[in-house]
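These notes are about the structure you will find just below.
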Amino acid sequence: MSIDQSTAAKVAKLARIKVEDDALPALASEFNTILGFIEQLNEVDVEGVEPMTSVTPQRLKRRIDVVNDGNQQEKVLKNAPDAREGFFAVPKVVE
Amino acid sequence: MSDLNKLGLAEARDLLRKGETTSVELTESCLSAIDAADALNAFVHKTPEIALERAKAADARIAEGDAPAMCGLPIGIKDLFCTKGVPSQAASRILEGFKPEYESTVSQNLADAGAVMLGKLNMDEFAMGSSNETSAYGNAISPWRRDGDTADITPGGSSGGSASAVSADLCLAATGTDTGGSIRQPAAFTGITGIKPTYGRCSRWGVVAFASSLDQAGPMTKNVRDAAIMLEAMCSHDPKDSTSADLAVPNFEAMLTGDIKGKKIGIPKEYRMDGMPGEIEKLWAEGAEMLKAAGAEIVDISLPHTKYALPAYYVIAPAEASSNLARYDGVRYGHRAKLEAGDGITEMYEKTRAQGFGTEVQRRVMVGTYVLSAGFYDAYYNRARKVRTLIKKDFEDVFAAGVDAILTPATPSAAFGLGEMTDADPVQMYLNDVFTVTVNLAGLPGIAVPTGVNAQGLPLGLQLIGRPWEEGDLLNTAYALEGAAGFVAKPGKWW
């Protein structure tokens with residue numbers, strides 16, 4: 001499996017990271033090095049093996065479905081780059 | 001008393017309780033050492049006011065006879081832990097200016113145990129790196145140098161600032177985190193002790209997430225006893241982390257008898273890599289001899305899927321990272337790119353993340369995005385998770401056969417010089433974790449103990465891997481190894 005520049009551009013888009021066109025060849029080449037390394041996994045016989053979901057055998061705990069926190073609007077917004085009138089502010093999404 | 005900063009946790013604790021020193025004196029000694037060590041770039045946010053306030057409170061508690069385990073002991077906190085009102089950036093530009101409104105469970109546990117926070121420690125950005133060269137704060141530098149050389153050496157990574165600070169005696173101990181070796185590799189590179197406990201022992205709540213199924217916090221200390229004391233203080237069951245283990249935390253220090261007679265120690269043949277330096281081979285053989293002389297039985301074992309651990313890790317860790325780091329979007333905290341007229345929300349995300357994330361973080365987020373994308377999920381991500389099952393089973397089989405602990409080198413070499421790996425491809429850097437990453441994939445406890453120095457005077461460490469939840473037994477084996485190795489080397493002060 002080899003990654004070309006257009007695939008690299010697509011992955012960057014999916015990851016929401018702006019990559020300039022002139023940086024794409026180097027990026028594609030790095031992906032190929034890393035994926036080449038990962039390809040070794042194809043040597044392993046994984047027939048009938050369950051993919052790991054939890055490294056320790058514990059079941060996830062349940063808790064009572066109640067409100068146990070809240071009313072922290074000021075704290076939640078404190079670190080926002082742009083907060084207005086009690087909301088996070090972002091560029092216009094809908095025209 | 002001078003040089004209080006050079007004490008370990010147990011020594012300082014005993015002096016405090018005997019009334020021979022005070023937490024304020026200990027803290028002031030560390031604060032002076034920190035101010036004189038800016039050249040190491042280990043402490044990146046200093047918190048002297050918080051430190052002195054907590055030290056005074058600790059002295060009052062000690063005077064009242066109410067001194068919990070870490071009372072009055074000054075430590076450093078890795079920048080990955082959220083600390084209330086104190087910058088917590090994970091060494092990334094994207095979290096510039098972020099001051100959490102809450103405290104991580106681990107740092108809260110330490111504070112509750114009376115520990116004094118001196119400040120925040122340098123690290124690789126989002127804990128992604130093995131040399132502390134990906135940090136937005138610049139490189140952390142090891143206090144160690146090669147004999148007769150003044151070139152800067154890496155303290156390892158990702159917990160490089162923690163390793164540098166502890167080995168340079170800027171603090172008594174420090175927190176680290178370990179996703180693929182980020183406690184054990186820097187500990188080995190700087191001649192200190194570092195333990196990653198069993199997955200689930202330390203709460204991950206409030207620790208900036210890298211790869212959630214692999215991340216664990218742990219202590220980095222000057223000796224094994226200190227690791228036992230601090231690990232106990234860090235561990236707890238935490239309802240705020242759904243993977244936190246609901247198990248009692250033993251008194252680890254009380255388990256340090258040094259008696260390992262009859263213990264079965266496995267030597268895995270797959271860890272004998274082609275091209276392994278002779279000094280690592282020798283260190284490993286000497287370690288096995290020491291444990292044997294202490295009464296342990298040394299057995300050859302096989303962990304057949306070892307070779308596939310790093311490739312599996314470099315699917316699973318980036319996949320989880322791409323998901324965890326999706327939250328850095330310029331909306332809720334940290335950096336937001338300046339936008340141009342006409343830029344919409346997509347441009348805001350893309351520019352913010354391009355400016356905020358460093359090269360290695362961008363690379364891993366994109367690799368993770370790729371292996372999770374439609375059409376490749378099965379071929380990469382699911383296959384890696386199946387291989388992970390097999391790697392864990394390798395260990396289960398060995399433990400079922402009666403092996404108590406496994407002895408391996410901690411790293412494939414001594415610390416390298418900063419910048420020496422700049423031209424290498426990313427995979428070359430990843431090979432640093434070849435001996436440690438299996439332990440994260442299997443969720444096991446692992447400890448690095450310094451046992452020797454190389455021909456150039458740089459420290460080398462061995463790793464012991466234990467059964468799940470048996471950190472106490474593992475620490476005791478490490479204690480026996482430490483006693484036999486008698487490692488006393490310290491870096492000469494040049495900074």
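Ligands are numbered from 1 in the order shown, residues from 1 within each chain, and chains are lettered A, B, ... in the order they appear in the structure tokens.
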Contacts of A:Lys92 within 10 Å, only C-alpha atoms, excl. fewer than 3 positions in-chain, as a PyMOL selection string: (chain A and resi 89+95) or (chain B and resi 342-345)
Nearby residues (only C-alpha atoms) at most 10 Å from A:Leu41, same-chain spacing under 5 positions excluded, as an NGL selection string: (:A and (36 or 46)) or (:B and (307-312 or 315 or 379-380 or 383-384 or 386-387))
At most 9 Å to chain B: residues in chain A, only C-alpha atoms, as a VMD selection string: chain A and resid 8 11 to 19 27 30 to 31 33 to 35 37 to 42 44 to 46 49 to 56 58 to 62 75 to 83 88 to 93
Would you kindly return, as a compact mmCIF listing (two decimals) with N, CA and C atoms, in the first residue's frame, each protein, DNA or RNA residue with an atom no farther than 12 Å from any atom of stretch 402-406 of chain B, considering only C-alpha atoms and excluding same-chain residues fewer than 2 positions away?
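To be explicit, this is the file written out as out_29.txt:
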```
# COMPACT_ATOMS: atom_id res chain seq x y z
N ILE B 260 14.07 -12.27 47.76
CA ILE B 260 13.48 -12.80 46.51
C ILE B 260 13.84 -14.28 46.32
N LYS B 261 14.16 -14.94 47.42
CA LYS B 261 14.52 -16.37 47.33
C LYS B 261 13.38 -17.17 46.72
N GLY B 262 13.72 -18.00 45.74
CA GLY B 262 12.73 -18.86 45.12
C GLY B 262 11.88 -18.20 44.05
N LYS B 263 12.05 -16.89 43.86
CA LYS B 263 11.28 -16.21 42.81
C LYS B 263 11.80 -16.65 41.44
N LYS B 264 10.88 -16.81 40.52
CA LYS B 264 11.27 -17.23 39.17
C LYS B 264 11.33 -16.00 38.26
N ILE B 265 12.51 -15.71 37.72
CA ILE B 265 12.70 -14.54 36.87
C ILE B 265 12.92 -15.01 35.42
N GLY B 266 12.08 -14.56 34.52
CA GLY B 266 12.17 -14.96 33.12
C GLY B 266 13.08 -14.03 32.32
N ILE B 267 13.85 -14.63 31.42
CA ILE B 267 14.69 -13.87 30.49
C ILE B 267 14.16 -14.17 29.08
N PRO B 268 13.47 -13.20 28.47
CA PRO B 268 12.84 -13.47 27.17
C PRO B 268 13.84 -13.43 26.02
N LYS B 269 13.90 -14.52 25.28
CA LYS B 269 14.91 -14.61 24.21
C LYS B 269 14.65 -13.61 23.09
N TYR B 271 14.01 -10.59 23.27
CA TYR B 271 14.52 -9.25 23.57
C TYR B 271 16.01 -9.14 23.23
N TRP B 284 22.59 -6.69 31.04
CA TRP B 284 21.45 -7.60 31.21
C TRP B 284 21.92 -8.90 31.88
N GLY B 287 22.69 -8.30 35.48
CA GLY B 287 21.45 -8.17 36.26
C GLY B 287 20.88 -9.54 36.61
N ALA B 288 20.89 -10.43 35.62
CA ALA B 288 20.38 -11.79 35.87
C ALA B 288 21.23 -12.48 36.93
N LEU B 291 20.33 -11.21 40.44
CA LEU B 291 19.07 -11.76 40.97
C LEU B 291 19.27 -13.23 41.38
N ALA B 296 17.08 -15.95 43.46
CA ALA B 296 16.03 -16.16 42.46
C ALA B 296 16.45 -17.24 41.48
N GLU B 297 15.45 -17.84 40.85
CA GLU B 297 15.73 -18.83 39.81
C GLU B 297 15.58 -18.14 38.46
N ILE B 298 16.60 -18.24 37.63
CA ILE B 298 16.56 -17.58 36.31
C ILE B 298 16.14 -18.61 35.26
N VAL B 299 15.08 -18.27 34.51
CA VAL B 299 14.60 -19.21 33.49
C VAL B 299 14.51 -18.52 32.14
N ASP B 300 14.83 -19.25 31.07
CA ASP B 300 14.66 -18.71 29.73
C ASP B 300 13.19 -18.82 29.35
N ILE B 301 12.65 -17.75 28.80
CA ILE B 301 11.25 -17.77 28.38
C ILE B 301 11.15 -17.24 26.95
N SER B 302 9.95 -17.45 26.38
CA SER B 302 9.70 -16.93 25.03
C SER B 302 8.43 -16.09 25.03
N LEU B 303 8.53 -14.92 24.43
CA LEU B 303 7.36 -14.04 24.21
C LEU B 303 7.30 -13.85 22.70
N PHE B 395 2.38 -12.99 27.57
CA PHE B 395 2.72 -12.74 28.98
C PHE B 395 1.89 -13.65 29.90
N GLU B 396 0.61 -13.80 29.58
CA GLU B 396 -0.26 -14.64 30.44
C GLU B 396 0.27 -16.07 30.49
N ASP B 397 0.75 -16.57 29.34
CA ASP B 397 1.27 -17.94 29.30
C ASP B 397 2.50 -18.08 30.19
N VAL B 398 3.37 -17.08 30.13
CA VAL B 398 4.60 -17.12 30.91
C VAL B 398 4.29 -17.04 32.41
N PHE B 399 3.38 -16.16 32.77
CA PHE B 399 3.02 -16.04 34.19
C PHE B 399 2.31 -17.31 34.67
N ALA B 400 1.48 -17.91 33.80
CA ALA B 400 0.79 -19.15 34.17
C ALA B 400 1.79 -20.28 34.40
N THR B 408 14.52 -7.48 31.51
CA THR B 408 14.94 -7.08 30.16
C THR B 408 15.77 -5.80 30.27
N PRO B 409 16.48 -5.43 29.22
CA PRO B 409 17.06 -4.08 29.21
C PRO B 409 15.91 -3.07 29.18
N ALA B 410 16.15 -1.86 29.69
CA ALA B 410 15.11 -0.83 29.64
C ALA B 410 15.12 -0.13 28.28
N PHE B 435 11.68 -2.16 24.03
CA PHE B 435 11.62 -3.05 25.19
C PHE B 435 10.50 -2.68 26.17
N THR B 436 9.96 -1.48 26.03
CA THR B 436 8.98 -1.01 27.02
C THR B 436 7.54 -1.08 26.53
N THR B 438 5.73 -3.27 24.91
CA THR B 438 4.96 -4.51 25.12
C THR B 438 4.18 -4.43 26.43
N VAL B 439 4.80 -3.80 27.43
CA VAL B 439 4.22 -3.72 28.77
C VAL B 439 2.93 -2.88 28.75
N LEU B 444 0.57 -4.25 31.83
CA LEU B 444 1.30 -4.77 33.00
C LEU B 444 2.11 -3.68 33.71
N PRO B 445 2.50 -3.94 34.96
CA PRO B 445 3.43 -3.03 35.62
C PRO B 445 4.87 -3.28 35.17
N GLY B 446 5.63 -2.19 35.01
CA GLY B 446 7.04 -2.32 34.62
C GLY B 446 7.84 -1.25 35.32
N ILE B 447 9.07 -1.60 35.71
CA ILE B 447 9.91 -0.64 36.44
C ILE B 447 11.31 -0.61 35.83
N ALA B 448 11.87 0.58 35.71
CA ALA B 448 13.26 0.73 35.26
C ALA B 448 14.12 1.07 36.47
N LEU B 462 17.94 -1.41 33.73
CA LEU B 462 17.24 -2.65 33.39
C LEU B 462 15.77 -2.47 33.72
N GLN B 463 14.94 -3.26 33.05
CA GLN B 463 13.50 -3.22 33.29
C GLN B 463 13.06 -4.55 33.90
N LEU B 464 12.21 -4.47 34.89
CA LEU B 464 11.53 -5.66 35.42
C LEU B 464 10.04 -5.49 35.12
N ILE B 465 9.43 -6.58 34.63
CA ILE B 465 8.01 -6.57 34.29
C ILE B 465 7.31 -7.53 35.25
N GLY B 466 6.20 -7.09 35.84
CA GLY B 466 5.53 -7.93 36.84
C GLY B 466 4.15 -8.39 36.41
N ARG B 467 3.57 -9.23 37.27
CA ARG B 467 2.19 -9.69 37.05
C ARG B 467 1.23 -8.53 37.31
N PRO B 468 0.05 -8.56 36.64
CA PRO B 468 -0.90 -7.48 36.87
C PRO B 468 -1.27 -7.35 38.34
N GLU B 470 0.40 -6.72 40.83
CA GLU B 470 1.40 -7.12 41.84
C GLU B 470 2.60 -6.18 41.84
N GLU B 471 2.32 -4.88 41.87
CA GLU B 471 3.39 -3.88 41.93
C GLU B 471 4.25 -4.06 43.18
N GLY B 472 3.65 -4.50 44.27
CA GLY B 472 4.40 -4.66 45.52
C GLY B 472 5.51 -5.69 45.36
N ASP B 473 5.16 -6.83 44.76
CA ASP B 473 6.13 -7.88 44.53
C ASP B 473 7.20 -7.41 43.52
N LEU B 474 6.75 -6.69 42.50
CA LEU B 474 7.66 -6.17 41.48
C LEU B 474 8.66 -5.18 42.11
N LEU B 475 8.13 -4.28 42.95
CA LEU B 475 9.00 -3.30 43.62
C LEU B 475 10.02 -4.02 44.51
N ASN B 476 9.59 -5.10 45.14
CA ASN B 476 10.52 -5.83 46.00
C ASN B 476 11.64 -6.48 45.19
N THR B 477 11.31 -7.03 44.04
CA THR B 477 12.36 -7.59 43.17
C THR B 477 13.31 -6.48 42.70
N ALA B 478 12.71 -5.33 42.36
CA ALA B 478 13.53 -4.19 41.93
C ALA B 478 14.43 -3.71 43.08
```
B:Ala317, B:Val24, B:Ala414, B:Met230 ranked by distance to B:Ser212, top pick (using only C-alpha atoms):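 Checking each candidate against B:Ser212, we get B:Ala317 as the closest.
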Spatial neighbours of A:Asp4, 8 Å, only C-alpha atoms, chain gap at least 3 places, as a VMD selection string: chain A and resid 7 to 8 25 28
Emit the selected residues as a PDB file, in the first residue's frame, including N, CA and C atoms.
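Below is the file result_0.pdb, written as the result:
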```pdb
ATOM      1  N   THR A   7      -3.813  11.255  -1.564  1.00  0.00           N
ATOM      2  CA  THR A   7      -4.274  10.572  -0.349  1.00  0.00           C
ATOM      3  C   THR A   7      -3.802  11.332   0.879  1.00  0.00           C
ATOM      4  N   ALA A   8      -2.563  11.797   0.850  1.00  0.00           N
ATOM      5  CA  ALA A   8      -2.034  12.572   1.975  1.00  0.00           C
ATOM      6  C   ALA A   8      -2.886  13.823   2.188  1.00  0.00           C
ATOM      7  N   PRO A  25       4.457  16.203  -0.611  1.00  0.00           N
ATOM      8  CA  PRO A  25       5.330  15.080  -0.992  1.00  0.00           C
ATOM      9  C   PRO A  25       6.096  14.506   0.201  1.00  0.00           C
ATOM     10  N   ALA A  28       3.666  12.531   2.421  1.00  0.00           N
ATOM     11  CA  ALA A  28       3.326  11.229   1.832  1.00  0.00           C
ATOM     12  C   ALA A  28       4.472  10.240   2.033  1.00  0.00           C
TER      13      ALA A  28
END
```
Secondary structure check, helix (DSSP H, G or I) residues of chain A, as a PyMOL selection string: chain A and resi 5-14+21-43+73-77
Requested write-out: C-alpha atoms of the selected residues, as a PDB file, in the first residue's frame:
```pdb
ATOM      1  CA  GLN A   5       0.006  13.090  -2.537  1.00  0.00           C
ATOM      2  CA  SER A   6      -3.739  13.180  -3.090  1.00  0.00           C
ATOM      3  CA  THR A   7      -4.274  10.572  -0.349  1.00  0.00           C
ATOM      4  CA  ALA A   8      -2.034  12.572   1.975  1.00  0.00           C
ATOM      5  CA  ALA A   9      -4.102  15.666   1.198  1.00  0.00           C
ATOM      6  CA  LYS A  10      -7.309  13.757   1.899  1.00  0.00           C
ATOM      7  CA  VAL A  11      -6.006  12.486   5.261  1.00  0.00           C
ATOM      8  CA  ALA A  12      -4.940  16.014   6.240  1.00  0.00           C
ATOM      9  CA  LYS A  13      -8.428  17.240   5.350  1.00  0.00           C
ATOM     10  CA  LEU A  14     -10.070  14.480   7.425  1.00  0.00           C
ATOM     11  CA  ASP A  21       0.652  21.824  -1.144  1.00  0.00           C
ATOM     12  CA  ASP A  22       4.436  22.010  -1.172  1.00  0.00           C
ATOM     13  CA  ALA A  23       4.582  19.988   2.091  1.00  0.00           C
ATOM     14  CA  LEU A  24       2.540  17.092   0.700  1.00  0.00           C
ATOM     15  CA  PRO A  25       5.330  15.080  -0.992  1.00  0.00           C
ATOM     16  CA  ALA A  26       7.380  14.910   2.226  1.00  0.00           C
ATOM     17  CA  LEU A  27       4.284  14.021   4.231  1.00  0.00           C
ATOM     18  CA  ALA A  28       3.326  11.229   1.832  1.00  0.00           C
ATOM     19  CA  SER A  29       6.851   9.860   2.039  1.00  0.00           C
ATOM     20  CA  GLU A  30       6.754   9.827   5.867  1.00  0.00           C
ATOM     21  CA  PHE A  31       3.393   8.068   5.833  1.00  0.00           C
ATOM     22  CA  ASN A  32       4.862   5.427   3.573  1.00  0.00           C
ATOM     23  CA  THR A  33       7.799   4.855   5.926  1.00  0.00           C
ATOM     24  CA  ILE A  34       5.483   4.446   8.909  1.00  0.00           C
ATOM     25  CA  LEU A  35       2.952   2.311   7.065  1.00  0.00           C
ATOM     26  CA  GLY A  36       5.777   0.163   5.705  1.00  0.00           C
ATOM     27  CA  PHE A  37       6.777  -0.498   9.300  1.00  0.00           C
ATOM     28  CA  ILE A  38       3.184  -1.308  10.251  1.00  0.00           C
ATOM     29  CA  GLU A  39       2.840  -3.733   7.322  1.00  0.00           C
ATOM     30  CA  GLN A  40       4.806  -6.275   9.403  1.00  0.00           C
ATOM     31  CA  LEU A  41       1.539  -7.007  11.170  1.00  0.00           C
ATOM     32  CA  ASN A  42       0.425  -8.873   8.051  1.00  0.00           C
ATOM     33  CA  GLU A  43       2.890 -11.647   8.947  1.00  0.00           C
ATOM     34  CA  GLN A  73     -21.050  27.925  32.975  1.00  0.00           C
ATOM     35  CA  GLU A  74     -18.442  30.466  34.014  1.00  0.00           C
ATOM     36  CA  LYS A  75     -15.773  27.830  34.650  1.00  0.00           C
ATOM     37  CA  VAL A  76     -16.578  25.992  31.433  1.00  0.00           C
ATOM     38  CA  LEU A  77     -16.178  29.166  29.374  1.00  0.00           C
TER      39      LEU A  77
END
```
Among the residues B:His237, B:Thr422, B:Ile192, B:Gly206, the one that comes closest to B:Leu460 [using only C-alpha atoms]: B:Ile192
Excluding same-chain residues fewer than 5 positions from B:Val208, what lies within 12 Å of it counting only C-alpha atoms, as a PDB file with C-alpha atoms, in the first residue's frame?
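Wrote selection-v5.pdb, looks like this:
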```
ATOM      1  CA  LYS B  78       4.692  16.696  34.523  1.00  0.00           C
ATOM      2  CA  ASP B  79       2.926  19.294  32.368  1.00  0.00           C
ATOM      3  CA  LEU B  80       0.467  16.603  31.189  1.00  0.00           C
ATOM      4  CA  PHE B  81      -1.377  16.737  34.538  1.00  0.00           C
ATOM      5  CA  CYS B  82      -4.059  19.396  34.855  1.00  0.00           C
ATOM      6  CA  THR B  83      -3.332  21.534  37.902  1.00  0.00           C
ATOM      7  CA  SER B  88      -1.145  22.866  31.948  1.00  0.00           C
ATOM      8  CA  GLN B  89      -0.115  22.791  28.325  1.00  0.00           C
ATOM      9  CA  ALA B  90       1.051  19.229  27.607  1.00  0.00           C
ATOM     10  CA  ALA B  91       4.045  21.084  26.110  1.00  0.00           C
ATOM     11  CA  SER B  92       1.875  22.113  23.157  1.00  0.00           C
ATOM     12  CA  LEU B  95      -2.903  24.712  24.896  1.00  0.00           C
ATOM     13  CA  PHE B  98      -4.823  27.083  29.327  1.00  0.00           C
ATOM     14  CA  PRO B 100      -7.558  24.281  34.214  1.00  0.00           C
ATOM     15  CA  GLU B 103      -7.090  19.304  39.477  1.00  0.00           C
ATOM     16  CA  SER B 104      -6.171  15.850  38.126  1.00  0.00           C
ATOM     17  CA  THR B 105      -6.980  13.007  40.522  1.00  0.00           C
ATOM     18  CA  GLU B 125       4.334  17.518  23.095  1.00  0.00           C
ATOM     19  CA  PHE B 126       1.268  15.502  24.151  1.00  0.00           C
ATOM     20  CA  ALA B 127       3.751  12.855  25.409  1.00  0.00           C
ATOM     21  CA  MET B 128       4.614  11.954  21.810  1.00  0.00           C
ATOM     22  CA  THR B 177       3.233   9.256  32.470  1.00  0.00           C
ATOM     23  CA  THR B 179       2.085   5.297  27.094  1.00  0.00           C
ATOM     24  CA  SER B 203      -6.677   7.450  37.630  1.00  0.00           C
ATOM     25  CA  ASP B 215      -1.722   5.807  29.250  1.00  0.00           C
ATOM     26  CA  GLN B 216      -0.724   5.341  32.894  1.00  0.00           C
ATOM     27  CA  ALA B 217       0.812   7.736  35.402  1.00  0.00           C
ATOM     28  CA  ALA B 321      -4.551  10.018  19.659  1.00  0.00           C
ATOM     29  CA  ASN B 324      -8.457  12.239  21.706  1.00  0.00           C
ATOM     30  CA  LEU B 325      -6.850  15.247  20.026  1.00  0.00           C
ATOM     31  CA  ARG B 327     -11.024  18.190  20.995  1.00  0.00           C
ATOM     32  CA  TYR B 328      -8.333  20.786  20.190  1.00  0.00           C
TER      33      TYR B 328
END
```
As a PDB file with C-alpha atoms, in the first residue's frame, which residues of stretch 290-438 of chain B does DSSP assign to strand (DSSP E)?
```pdb
ATOM      1  CA  GLU B 297      15.729 -18.829  39.814  1.00  0.00           C
ATOM      2  CA  ILE B 298      16.562 -17.582  36.315  1.00  0.00           C
ATOM      3  CA  VAL B 299      14.603 -19.208  33.488  1.00  0.00           C
ATOM      4  CA  ASP B 300      14.658 -18.709  29.730  1.00  0.00           C
ATOM      5  CA  ILE B 301      11.249 -17.769  28.376  1.00  0.00           C
ATOM      6  CA  ALA B 405       8.870 -11.268  36.937  1.00  0.00           C
ATOM      7  CA  ILE B 406      10.654 -10.713  33.636  1.00  0.00           C
ATOM      8  CA  LEU B 407      14.061  -9.044  33.319  1.00  0.00           C
ATOM      9  CA  THR B 408      14.936  -7.077  30.165  1.00  0.00           C
ATOM     10  CA  PRO B 409      17.060  -4.084  29.210  1.00  0.00           C
TER      11      PRO B 409
END
```
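Proximity ranking of B:Thr175, B:Asn454, B:Asn251, B:Thr190 relative to B:Gly218 places B:Thr175 first, based on only C-alpha atoms.
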